[in-house]
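my_file-v9.csv (CSV, C-alpha atoms) appears below.
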chain,number,residue,atom,x,y,z
A,1,MET,CA,82.1,85.2,115.7
A,2,SER,CA,83.0,83.2,118.8
A,3,THR,CA,86.3,83.5,120.6
A,4,ALA,CA,87.2,80.0,119.5
A,5,GLU,CA,86.7,80.8,115.9
A,6,ASN,CA,88.7,84.0,116.3
A,7,ARG,CA,91.6,82.1,117.7
A,8,GLY,CA,91.4,79.6,114.9
A,9,THR,CA,92.1,82.2,112.3
A,10,ARG,CA,95.6,82.9,113.6
A,11,ALA,CA,97.9,82.2,110.7
A,12,LEU,CA,101.1,82.5,112.7
A,13,PRO,CA,100.5,81.5,116.3
A,14,VAL,CA,103.0,83.1,118.7
A,15,ARG,CA,104.4,80.2,120.8
A,16,LEU,CA,106.9,80.6,123.6
A,17,ARG,CA,110.0,80.5,121.4
A,18,SER,CA,108.8,83.1,118.9
A,19,GLY,CA,107.3,85.2,121.7
A,20,VAL,CA,110.7,85.5,123.4
A,21,VAL,CA,112.3,86.4,120.0
A,22,LEU,CA,109.7,89.1,119.4
A,23,THR,CA,110.0,90.5,122.9
A,24,LEU,CA,113.8,90.7,122.7
A,25,ALA,CA,113.7,92.2,119.3
A,26,SER,CA,111.1,94.8,120.4
A,27,VAL,CA,113.2,95.8,123.4
A,28,ALA,CA,116.3,96.1,121.2
A,29,GLY,CA,114.4,98.1,118.6
A,30,LEU,CA,113.0,100.5,121.1
A,31,ALA,CA,116.5,101.0,122.4
A,32,MET,CA,117.6,101.9,118.9
A,33,PHE,CA,114.9,104.6,118.7
A,34,CYS,CA,115.7,106.1,122.1
A,35,TRP,CA,119.4,105.7,122.6
A,36,PRO,CA,120.3,109.4,121.8
A,37,LEU,CA,118.3,110.4,124.9
A,38,PHE,CA,120.8,108.4,127.1
A,39,VAL,CA,124.0,108.6,125.1
A,40,PRO,CA,125.4,111.9,123.7
A,41,PRO,CA,125.3,111.4,119.9
A,42,GLN,CA,127.7,112.6,117.3
A,43,PRO,CA,126.9,116.1,116.1
A,44,SER,CA,125.7,115.1,112.6
A,45,LEU,CA,122.8,113.2,111.1
A,46,ALA,CA,125.3,111.2,109.1
A,47,ALA,CA,126.5,109.6,112.3
A,48,HIS,CA,123.1,108.2,113.0
A,49,THR,CA,122.7,106.7,109.5
A,50,ALA,CA,125.6,104.4,110.4
A,51,ASP,CA,123.6,102.6,113.0
A,52,ALA,CA,120.4,102.3,110.9
A,53,PRO,CA,121.8,99.4,108.9
A,54,LEU,CA,122.3,97.6,112.3
A,55,VAL,CA,118.6,97.9,112.9
A,56,PHE,CA,118.0,96.7,109.4
A,57,LEU,CA,120.2,93.7,110.1
A,58,LEU,CA,118.3,93.2,113.3
A,59,THR,CA,114.8,93.3,111.7
A,60,LEU,CA,115.3,90.8,108.9
A,61,PRO,CA,116.8,88.0,111.1
A,62,VAL,CA,113.8,88.5,113.5
A,63,LEU,CA,111.4,88.0,110.7
A,64,LEU,CA,113.3,85.0,109.5
A,65,ALA,CA,113.5,83.6,113.0
A,66,VAL,CA,109.7,83.9,113.5
A,67,VAL,CA,109.0,82.3,110.1
A,68,LEU,CA,111.5,79.5,110.4
A,69,ALA,CA,110.7,78.8,114.1
A,70,GLU,CA,107.0,78.5,113.3
A,71,MET,CA,107.6,76.4,110.1
A,72,SER,CA,109.8,74.0,112.0
A,73,SER,CA,107.1,73.6,114.7
A,74,GLY,CA,104.2,73.3,112.2
A,75,GLY,CA,102.8,76.7,113.1
A,76,LEU,CA,103.2,78.3,109.7
A,77,ASP,CA,102.1,76.5,106.6
A,78,THR,CA,102.3,77.3,102.9
A,79,LYS,CA,98.8,78.8,103.0
A,80,ALA,CA,99.8,81.3,105.7
A,81,LEU,CA,102.9,82.2,103.6
A,82,ALA,CA,100.8,82.7,100.6
A,83,MET,CA,98.4,85.0,102.6
A,84,LEU,CA,101.4,86.9,103.9
A,85,GLY,CA,102.7,87.4,100.4
A,86,VAL,CA,99.3,88.6,99.0
A,87,LEU,CA,98.6,91.1,101.8
A,88,SER,CA,102.2,92.4,101.7
A,89,ALA,CA,101.9,93.0,98.0
A,90,LEU,CA,98.5,94.6,98.4
A,91,ASN,CA,99.7,96.9,101.1
A,92,ALA,CA,102.8,97.8,99.0
A,93,GLY,CA,100.5,98.6,96.1
A,94,LEU,CA,98.2,100.7,98.2
A,95,ARG,CA,100.8,102.9,99.8
A,96,PRO,CA,101.8,105.0,96.7
A,97,LEU,CA,98.2,106.0,96.2
A,98,ASP,CA,98.3,108.5,99.0
A,99,ALA,CA,101.2,110.4,97.4
A,100,GLY,CA,102.1,111.8,100.8
A,101,THR,CA,99.0,114.1,100.8
A,102,ALA,CA,98.2,115.7,104.1
A,103,GLY,CA,99.8,112.8,106.0
A,104,ILE,CA,97.4,110.2,104.6
A,105,ASP,CA,99.0,106.8,104.7
A,106,THR,CA,97.0,104.0,103.2
A,107,VAL,CA,99.1,101.1,104.5
A,108,PHE,CA,97.9,101.1,108.1
A,109,PHE,CA,94.2,100.4,108.0
A,110,LEU,CA,94.7,97.1,106.2
A,111,LEU,CA,97.6,96.2,108.6
A,112,VAL,CA,95.3,96.8,111.6
A,113,LEU,CA,92.5,94.7,110.2
A,114,ALA,CA,94.8,91.9,109.1
A,115,GLY,CA,96.6,91.8,112.5
A,116,ARG,CA,93.2,91.6,114.2
A,117,VAL,CA,92.1,88.6,112.1
A,118,PHE,CA,95.4,86.7,111.7
A,119,GLY,CA,97.0,87.4,115.1
A,120,PRO,CA,99.9,89.3,116.6
A,121,GLY,CA,102.7,87.2,115.0
A,122,PHE,CA,101.3,87.5,111.5
A,123,GLY,CA,100.6,91.2,112.1
A,124,PHE,CA,104.2,91.9,113.1
A,125,VAL,CA,105.7,90.1,110.1
A,126,LEU,CA,103.1,91.7,107.8
A,127,GLY,CA,103.9,95.2,109.1
A,128,ALA,CA,107.6,94.8,108.4
A,129,THR,CA,107.3,93.1,105.0
A,130,SER,CA,104.7,95.6,103.8
A,131,LEU,CA,107.0,98.6,104.5
A,132,PHE,CA,109.9,96.8,103.0
A,133,ALA,CA,108.0,95.9,99.8
A,134,SER,CA,106.6,99.4,99.5
A,135,ALA,CA,110.0,100.9,99.9
A,136,LEU,CA,111.3,98.7,97.0
A,137,LEU,CA,108.3,99.7,94.9
A,138,THR,CA,108.7,103.4,95.5
A,139,ALA,CA,112.5,103.7,95.7
A,140,GLY,CA,112.0,104.7,99.3
A,141,VAL,CA,115.0,102.7,100.7
A,142,GLY,CA,117.0,104.8,103.1
A,143,PRO,CA,118.2,105.0,106.7
A,144,TRP,CA,114.6,105.5,107.8
A,145,LEU,CA,113.4,102.2,106.4
A,146,PRO,CA,114.4,99.8,109.3
A,147,PHE,CA,112.8,102.2,111.8
A,148,GLN,CA,109.6,102.2,109.7
A,149,MET,CA,109.6,98.4,109.5
A,150,LEU,CA,110.0,98.0,113.3
A,151,ALA,CA,107.3,100.6,114.0
A,152,SER,CA,104.8,99.1,111.5
A,153,GLY,CA,105.6,95.6,112.9
A,154,TRP,CA,104.6,96.8,116.3
A,155,ILE,CA,101.3,98.2,114.9
A,156,GLY,CA,100.4,94.9,113.4
A,157,LEU,CA,101.5,93.1,116.6
A,158,GLY,CA,99.3,95.4,118.8
A,159,ALA,CA,96.3,94.9,116.6
A,160,GLY,CA,96.6,91.1,117.1
A,161,LEU,CA,96.8,91.6,120.9
A,162,LEU,CA,93.5,93.5,121.2
A,163,PRO,CA,90.7,91.8,123.2
A,164,ARG,CA,89.3,88.9,121.1
A,165,ARG,CA,85.9,88.8,122.7
A,166,VAL,CA,84.9,92.2,121.3
A,167,THR,CA,82.6,91.9,118.2
A,168,GLY,CA,80.2,93.8,116.0
A,169,ARG,CA,80.1,97.5,116.2
A,170,ALA,CA,82.1,97.6,119.4
A,171,GLU,CA,85.0,95.8,117.5
A,172,ILE,CA,84.9,98.4,114.7
A,173,ALA,CA,85.0,101.2,117.3
A,174,MET,CA,87.9,99.6,119.1
A,175,LEU,CA,89.9,99.1,115.9
A,176,ALA,CA,89.1,102.7,114.7
A,177,ALA,CA,90.3,104.1,118.1
A,178,TYR,CA,93.4,101.9,117.8
A,179,GLY,CA,94.0,103.2,114.3
A,180,VAL,CA,93.9,106.8,115.5
A,181,VAL,CA,96.3,106.1,118.4
A,182,VAL,CA,98.9,104.2,116.3
A,183,ALA,CA,98.9,107.0,113.7
A,184,TYR,CA,100.2,109.4,116.3
A,185,VAL,CA,102.5,106.7,117.9
A,186,PHE,CA,104.0,106.0,114.4
A,187,GLY,CA,104.7,109.7,113.9
A,188,PHE,CA,106.1,110.1,117.3
A,189,LEU,CA,108.6,107.2,116.8
A,190,MET,CA,109.6,108.3,113.3
A,191,ASN,CA,110.3,111.8,114.6
A,192,LEU,CA,112.3,110.4,117.5
A,193,TRP,CA,114.9,108.6,115.4
A,194,PHE,CA,116.2,111.7,113.7
A,195,TRP,CA,115.1,114.6,116.0
A,196,PRO,CA,118.5,114.9,117.8
A,197,TYR,CA,120.1,115.8,114.5
A,198,ALA,CA,117.3,117.7,112.7
A,199,LEU,CA,117.6,121.2,114.1
A,200,GLY,CA,121.2,121.6,115.2
A,201,PRO,CA,122.2,123.3,118.5
A,202,GLY,CA,120.9,126.6,119.8
A,203,THR,CA,117.1,126.5,119.4
A,204,ASP,CA,114.4,126.0,122.0
A,205,LEU,CA,113.4,122.7,120.3
A,206,SER,CA,116.9,121.3,119.8
A,207,PHE,CA,118.2,118.2,121.5
A,208,VAL,CA,120.7,119.0,124.2
A,209,ALA,CA,123.4,116.3,124.7
A,210,GLY,CA,123.8,115.5,128.3
A,211,ALA,CA,120.6,117.2,129.5
A,212,PRO,CA,118.2,115.4,131.8
A,213,VAL,CA,116.0,112.9,129.9
A,214,LEU,CA,112.8,114.7,131.0
A,215,GLU,CA,114.1,118.0,129.6
A,216,ASN,CA,114.9,116.5,126.3
A,217,LEU,CA,111.5,114.7,126.2
A,218,HIS,CA,109.8,118.0,126.8
A,219,ARG,CA,111.7,119.6,123.9
A,220,PHE,CA,110.9,116.7,121.7
A,221,ALA,CA,107.2,116.7,122.6
A,222,VAL,CA,106.9,120.4,121.6
A,223,TYR,CA,108.9,119.7,118.4
A,224,THR,CA,106.7,116.8,117.3
A,225,LEU,CA,103.5,118.7,118.2
A,226,VAL,CA,104.5,121.7,116.1
A,227,THR,CA,106.0,119.9,113.2
A,228,SER,CA,104.1,116.6,112.9
A,229,THR,CA,101.2,115.9,115.4
A,230,ALA,CA,99.0,118.9,114.6
A,231,GLY,CA,99.1,118.3,110.9
A,232,TRP,CA,100.7,115.3,109.3
A,233,ASP,CA,99.9,112.7,112.0
A,234,THR,CA,96.3,114.0,112.3
A,235,GLY,CA,95.8,113.4,108.6
A,236,ARG,CA,97.0,109.8,109.0
A,237,ALA,CA,94.8,109.4,112.1
A,238,LEU,CA,91.7,110.7,110.3
A,239,PHE,CA,92.3,108.4,107.3
A,240,ASN,CA,92.7,105.4,109.6
A,241,LEU,CA,89.5,106.3,111.4
A,242,LEU,CA,87.4,106.8,108.2
A,243,ALA,CA,88.8,103.8,106.4
A,244,ILE,CA,88.3,101.4,109.3
A,245,VAL,CA,84.7,102.7,110.0
A,246,ALA,CA,83.7,102.6,106.3
A,247,LEU,CA,85.6,99.6,105.0
A,248,GLY,CA,86.4,97.7,108.2
A,249,PRO,CA,83.3,95.4,108.4
A,250,ALA,CA,83.6,94.3,104.8
A,251,VAL,CA,87.3,93.8,104.9
A,252,LEU,CA,87.1,91.9,108.2
A,253,ALA,CA,84.4,89.6,106.7
A,254,VAL,CA,86.6,88.9,103.6
A,255,LEU,CA,89.7,88.2,105.7
A,256,ARG,CA,87.9,85.9,108.1
A,257,ARG,CA,86.2,84.1,105.2
A,258,ALA,CA,89.7,83.6,103.7
A,259,ALA,CA,91.0,82.4,107.0
A,260,ARG,CA,88.2,79.9,107.4
A,261,HIS,CA,88.7,78.5,103.9
A,262,ALA,CA,92.5,78.4,104.3
A,263,ALA,CA,92.1,76.5,107.6
A,264,PHE,CA,95.6,77.5,108.8
A,265,GLY,CA,97.4,74.8,110.7
A,266,ALA,CA,95.0,72.1,109.6
A,267,PRO,CA,96.7,69.0,108.1
A,268,VAL,CA,96.7,68.7,104.4
A,269,THR,CA,95.2,65.5,103.1
A,270,VAL,CA,96.3,64.2,99.7
A,271,THR,CA,93.9,62.0,97.6
A,272,PRO,CA,95.8,59.1,96.0
A,273,ALA,CA,95.9,59.1,92.3
A,274,GLY,CA,97.0,56.7,89.6
A,275,PRO,CA,96.4,53.0,89.1
A,276,ALA,CA,96.2,52.2,92.8
A,277,ALA,CA,93.3,54.7,93.2
A,278,ASP,CA,91.6,53.5,90.0
A,279,GLY,CA,92.0,49.8,90.6
A,280,ALA,CA,88.6,49.3,92.2
A,281,GLU,CA,86.8,50.8,89.1
A,282,GLY,CA,88.7,48.4,86.9
A,283,ARG,CA,88.0,45.2,88.8
A,284,PRO,CA,85.1,43.0,87.6
A,285,GLY,CA,82.0,43.5,89.6
A,286,ALA,CA,83.1,46.9,90.9
A,287,ARG,CA,80.0,48.4,89.3

Write-out of the structure in structure tokens:
Amino acid sequence: MSTAENRGTRALPVRLRSGVVLTLASVAGLAMFCWPLFVPPQPSLAAHTADAPLVFLLTLPVLLAVVLAEMSSGGLDTKALAMLGVLSALNAGLRPLDAGTAGIDTVFFLLVLAGRVFGPGFGFVLGATSLFASALLTAGVGPWLPFQMLASGWIGLGAGLLPRRVTGRAEIAMLAAYGVVVAYVFGFLMNLWFWPYALGPGTDLSFVAGAPVLENLHRFAVYTLVTSTAGWDTGRALFNLLAIVALGPAVLAVLRRAARHAAFGAPVTVTPAGPAADGAEGRPGAR
């Protein structure tokens, strides 16, 4: 597939306005993950749950801002909205299938492939809406949800920003490698949001309020390696790798075919109906 064709499949083009919104939201979201490293927190996990709704309130307006900005500028049409709804529902339905086994998470391989085909803006919105829908489906709503939505949105965004000229087997290899990397990044981020309150004071892996950032990052790196990276995150990474290698070519072909048929952004032409359209057939001599 040519570069021009690849660009043409983008269901939600990121223009300057939405790009600025996404950048600011990403910076603010990253600050919400990392602020305990710079500001001494309260000594209880409950204190951190109070700021999680603020992230939730941040995430949803960002999604709405992207959607409304692109709708008002003609960048997002009803076909793209329908595709977003279908893929979000499909991802939400896939996620409960893993049942939390060995870190396997079925939501990310489709997110990576869809972000690759439909572009970074669509990937960001799909990542956030997929996690939101799956949380509603599985009763998984909690203080962790806004952080999951942001992290998943970044995964979809990054997939859409990968080099567009790479095709064929090289593309599958690139996407598989990306799937492995983001599996560990997602685990890293989701550990970071609660780690300062997970262990309490006094252990070698505990967060130390007021300590140098590098010291706390070293403690956190050891903590996440022992508790998550070596087991849970590796299961997620292996599943992403195998799913993208085995199913990636077929899923990419289906998604690109759907994108071509949908012709996102193309003007919709309506054929006139009624007496005005049928008048020629009724006139004498029309046959």

**Request:** Go ahead and compute the interatomic distance for CA of Thr129 (chain A) and CA of Met149 (chain A), in Å to one decimal.
**Result:** 7.3 Å

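The list of residues within 12 Å of (103.3, 104.2, 96.8), counted using all atoms listed in the file, is Ala89, Leu90, Asn91, Ala92, Gly93, Leu94, Arg95, Pro96, Leu97, Asp98, Ala99, Gly100, Thr101, Ile104, Asp105, Thr106, Val107, Ser130, Leu131, Phe132, Ala133, Ser134, Ala135, Leu136, Leu137, Thr138, Ala139 and Gly140 of chain A.
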
**Prompt:** What is the distance, in Å and to one decimal place, between CA of Gly19 (chain A) and CA of Val62 (chain A)?
**Reply:** 11.0 Å

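Taking CA of Gly115 (chain A) as the reference point, CA of Asn191 (chain A) is found at 24.3 Å.
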
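Considering the residues A:Pro201, A:Gly142, A:Pro163, A:Gly153 and counting only C-alpha atoms, Arg116 (chain A) has its shortest atom-to-atom contact with A:Pro163.
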
**Prompt:** With only C-alpha atoms as the basis for distance, which of A:Ala176, A:Leu192, A:Val125, A:Val208 is at the shortest distance from Ser18 (chain A)?
**Reply:** A:Val125

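Residue nearest Thr167 (chain A) within the list A:Ala262, A:Ala80, A:Leu252, A:Met190: A:Leu252 [criterion: smallest interatomic distance, all atoms listed in the file].
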
**Message:** Here's a test: counting only C-alpha atoms, identify every protein, DNA and RNA residue with an atom at most 8 Å from (101.8, 111.1, 109.7) in the file's coordinate frame, and state them as a count of residues only.
**Reply:** 16

**Request:** Show which residues sit within 9 Å of Leu161 (chain A), as number ranges by chain. Count all atoms listed in the file, and ignore same-chain residues fewer than 2 positions away.
**Result:** A: 115-116, 119-120, 156-159, 163-164

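Compared by their closest atoms to Arg256 (chain A), and using all atoms listed in the file, the residues A:Tyr178, A:Phe188, A:Phe38, A:Phe118 rank with A:Phe118 nearest.
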
**Message:** At a cut-off of 9 Å, using all atoms listed in the file, what residues contact Ile244 (chain A)? Leave out same-chain residues fewer than 5 positions from it and give the result as a PyMOL selection string.
**Reply:** chain A and resi 109-110+112-113+172-173+175-176+179+239+249+251

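With all atoms listed in the file as the atoms that count, the minimum distance from Val20 (chain A) to the choices A:Gly121, A:Gly160, A:Pro196, A:Pro143 is reached by A:Gly121.
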
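Proximity of A:Trp35, A:Val166, A:Leu84, A:Val222 to Ala209 (chain A), computed with all atoms listed in the file, is greatest for A:Trp35.
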